[in-house]
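One structure below.
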Amino acid sequence: MRSETLRVDGVPMRWEEQGEGMPLVLVHGIPTSPALWRYVVPRLAGAARCMAWEMVGYGASIPAGRDRDISVGRQAEYLLAWLDAMGIGRAILAGHDLGGGVVQIAATRRPSVCAGLFLTNAISYDSWPIPSVKAMRAMGGLVRHTPDALLRLALGPLFARGHDNPTRRQESFEIHLAHYARHDGADALIRQVRALDVR
């Protein structure tokens with residue numbers, strides 16, 4: 001996949017793209033990035049224009065979220081603004097975890113853009129926030145000052161739940177942890193957790 005960046009209304013927006021055809025926008029969850037889709041996109045690229053969009057304040061875009069609203073509803077607005085800037089009037093929207101909430105809100109706010117909706121392990125009003133997120137919110141002040149070495153311990157259980165292959169789990173963990181190591185460490189994670197309002 002090739003990485004792209006476009007400034008939309010003053011906000012740098014990043015995505016990874018491969019393939020041609022009907023636009024398929026894939027949105028990751030927390031604490032991940034477009035790399036979540038690294039094994040999915042090559043399987044779909046022959047049938048669609050796959051664009052793994054990075055939420056503002058996540059992955060390599062953590063710095064862009066420092067002084068911005070990165071709530072779930074606002075992410076949907078960022079996504080719709082990005083689609084407009086890209087000239088994409090209709091796309092299949094796919095979301096995992098938090099990204100599932102983002103695409104649901106985007107599809108509800110602008111039904112005409114949604115050619116299809118795919119959700120996997122997606123958040124919804126009745127199931128959010130999950131207990132681990134509630135715990136991180138409650139301990140936010142403490143987690144915010146967690147040394148990077150301990151951040152590995154805090155994020156580890158989140159990745160353990162989503163993988164049945166230990167090698168892929170470790171690979172995924174290292175890929176996504178690297179963004180936190182480069183950009184604000186635990187402080188970035190707490191910013192994300194505190195912004196997880198689905199309203």
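Lettering and numbering for the structure tokens are positional, with chains as A, B, ... in the shown order, residues counted from 1 in each chain, and ligands counted from 1 in the shown order.
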
inquiry  = Which of stretch 8-95 of chain A end up as helix (DSSP H, G or I) when DSSP is run on this backbone - answer as a PyMOL selection string?
reply    = chain A and resi 34-37+41-44+59-65+72-86

Selection to disk with N, CA, C and O atoms, as a CSV table (one decimal), in the first residue's frame:
```
chain,number,residue,atom,x,y,z
A,34,PRO,N,-4.0,2.5,10.2
A,34,PRO,CA,-4.3,1.8,9.0
A,34,PRO,C,-3.6,0.5,8.8
A,34,PRO,O,-4.1,-0.4,8.1
A,35,ALA,N,-2.5,0.3,9.5
A,35,ALA,CA,-1.8,-1.0,9.4
A,35,ALA,C,-2.6,-2.2,9.9
A,35,ALA,O,-2.3,-3.3,9.6
A,36,LEU,N,-3.7,-1.9,10.6
A,36,LEU,CA,-4.6,-2.9,11.0
A,36,LEU,C,-5.1,-3.7,9.8
A,36,LEU,O,-5.3,-4.9,9.9
A,37,TRP,N,-5.2,-3.1,8.7
A,37,TRP,CA,-5.8,-3.7,7.4
A,37,TRP,C,-4.7,-4.2,6.5
A,37,TRP,O,-5.0,-4.6,5.4
A,41,VAL,N,-6.3,-5.6,2.8
A,41,VAL,CA,-6.3,-4.8,1.6
A,41,VAL,C,-5.7,-5.6,0.4
A,41,VAL,O,-6.3,-5.6,-0.7
A,42,PRO,N,-4.6,-6.3,0.5
A,42,PRO,CA,-4.1,-7.0,-0.7
A,42,PRO,C,-5.1,-8.0,-1.2
A,42,PRO,O,-5.1,-8.3,-2.4
A,43,ARG,N,-5.9,-8.5,-0.4
A,43,ARG,CA,-6.9,-9.5,-0.8
A,43,ARG,C,-8.1,-8.8,-1.5
A,43,ARG,O,-8.8,-9.5,-2.3
A,44,LEU,N,-8.3,-7.6,-1.3
A,44,LEU,CA,-9.5,-6.8,-1.8
A,44,LEU,C,-9.1,-5.9,-3.0
A,44,LEU,O,-9.9,-5.4,-3.7
A,59,GLY,N,-2.2,6.7,15.2
A,59,GLY,CA,-1.1,6.2,14.4
A,59,GLY,C,-0.1,7.3,14.1
A,59,GLY,O,0.3,8.0,15.1
A,60,ALA,N,0.3,7.5,12.9
A,60,ALA,CA,1.3,8.5,12.5
A,60,ALA,C,0.6,9.9,12.7
A,60,ALA,O,1.3,10.9,12.7
A,61,SER,N,-0.7,10.0,12.8
A,61,SER,CA,-1.4,11.3,12.9
A,61,SER,C,-1.7,11.7,14.4
A,61,SER,O,-2.4,12.6,14.6
A,62,ILE,N,-1.0,11.0,15.3
A,62,ILE,CA,-1.2,11.4,16.7
A,62,ILE,C,-0.9,12.9,17.0
A,62,ILE,O,-1.7,13.6,17.6
A,63,PRO,N,0.1,13.5,16.4
A,63,PRO,CA,0.4,14.9,16.6
A,63,PRO,C,-0.8,15.8,16.1
A,63,PRO,O,-1.1,16.8,16.7
A,64,ALA,N,-1.5,15.4,15.1
A,64,ALA,CA,-2.6,16.2,14.6
A,64,ALA,C,-3.8,16.2,15.5
A,64,ALA,O,-4.6,17.1,15.4
A,65,GLY,N,-3.8,15.3,16.5
A,65,GLY,CA,-4.9,15.3,17.4
A,65,GLY,C,-4.7,16.0,18.7
A,65,GLY,O,-5.5,16.1,19.6
A,72,VAL,N,-15.6,10.4,18.7
A,72,VAL,CA,-16.1,9.5,17.7
A,72,VAL,C,-16.9,10.3,16.7
A,72,VAL,O,-16.7,10.2,15.4
A,73,GLY,N,-17.8,11.2,17.1
A,73,GLY,CA,-18.6,12.0,16.2
A,73,GLY,C,-17.8,12.9,15.4
A,73,GLY,O,-18.1,13.1,14.2
A,74,ARG,N,-16.8,13.5,16.0
A,74,ARG,CA,-15.9,14.4,15.2
A,74,ARG,C,-15.1,13.7,14.2
A,74,ARG,O,-14.9,14.2,13.1
A,75,GLN,N,-14.7,12.4,14.5
A,75,GLN,CA,-14.0,11.6,13.5
A,75,GLN,C,-14.8,11.4,12.3
A,75,GLN,O,-14.4,11.4,11.2
A,76,ALA,N,-16.1,11.2,12.5
A,76,ALA,CA,-17.1,11.0,11.4
A,76,ALA,C,-17.1,12.2,10.5
A,76,ALA,O,-17.1,12.1,9.3
A,77,GLU,N,-17.1,13.4,11.2
A,77,GLU,CA,-17.0,14.7,10.4
A,77,GLU,C,-15.7,14.8,9.6
A,77,GLU,O,-15.7,15.2,8.4
A,78,TYR,N,-14.6,14.4,10.2
A,78,TYR,CA,-13.3,14.4,9.5
A,78,TYR,C,-13.4,13.5,8.3
A,78,TYR,O,-12.9,13.8,7.2
A,79,LEU,N,-13.9,12.3,8.5
A,79,LEU,CA,-14.0,11.3,7.5
A,79,LEU,C,-14.8,11.9,6.3
A,79,LEU,O,-14.4,11.8,5.1
A,80,LEU,N,-16.0,12.5,6.6
A,80,LEU,CA,-16.8,13.0,5.5
A,80,LEU,C,-16.1,14.2,4.8
A,80,LEU,O,-16.2,14.3,3.6
A,81,ALA,N,-15.4,15.0,5.5
A,81,ALA,CA,-14.7,16.1,4.9
A,81,ALA,C,-13.6,15.6,4.0
A,81,ALA,O,-13.3,16.1,2.9
A,82,TRP,N,-12.9,14.5,4.5
A,82,TRP,CA,-11.9,13.9,3.6
A,82,TRP,C,-12.5,13.3,2.4
A,82,TRP,O,-11.9,13.5,1.3
A,83,LEU,N,-13.6,12.6,2.5
A,83,LEU,CA,-14.2,12.1,1.3
A,83,LEU,C,-14.6,13.2,0.3
A,83,LEU,O,-14.4,13.1,-0.9
A,84,ASP,N,-15.1,14.3,0.8
A,84,ASP,CA,-15.4,15.5,0.0
A,84,ASP,C,-14.2,16.0,-0.7
A,84,ASP,O,-14.2,16.2,-1.9
A,85,ALA,N,-13.1,16.1,0.0
A,85,ALA,CA,-11.8,16.7,-0.5
A,85,ALA,C,-11.3,15.7,-1.6
A,85,ALA,O,-10.6,16.1,-2.5
A,86,MET,N,-11.5,14.4,-1.4
A,86,MET,CA,-11.1,13.4,-2.4
A,86,MET,C,-12.0,13.3,-3.6
A,86,MET,O,-11.7,12.6,-4.6
```

task = Using only C-alpha atoms, find the one residue out of A:Arg109, A:Arg191, A:His179, A:Arg2 that sits nearest to A:Arg38.
result =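 Using only C-alpha atoms, the shortest distance to A:Arg38 belongs to A:Arg2.
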
query = Got a sec: who's within 8 Å of A:Leu189, counting only C-alpha atoms, leaving out chain neighbours fewer than 3 positions off, as a list of chain:residue names?
reply =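 My list of contacting residues is A:Pro31, A:Arg144, A:Tyr180, A:Gly185, A:Ala186, A:Gln192, A:Val193.
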
query = Nearest to A:Val27 among A:Thr5, A:Ser71, A:Gly87, A:Val103, with distances taken over only C-alpha atoms: which residue is it?
reply =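 That would be A:Val103, the residue with the smallest distance to A:Val27.
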
inquiry  = Let me make sure I understand: among A:Pro23, A:Leu6, A:Ser112, A:Thr32, which one has the smallest atom-to-atom distance to A:Ile175 if we use only C-alpha atoms?
reply    =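 The shortest atom-to-atom distance to A:Ile175 comes from A:Thr32.
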
task = Take atom CA of A:Leu119 and atom CA of A:Val102 and report the distance between them in Å, one decimal.
result =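 Those two atoms sit 10.4 Å apart.
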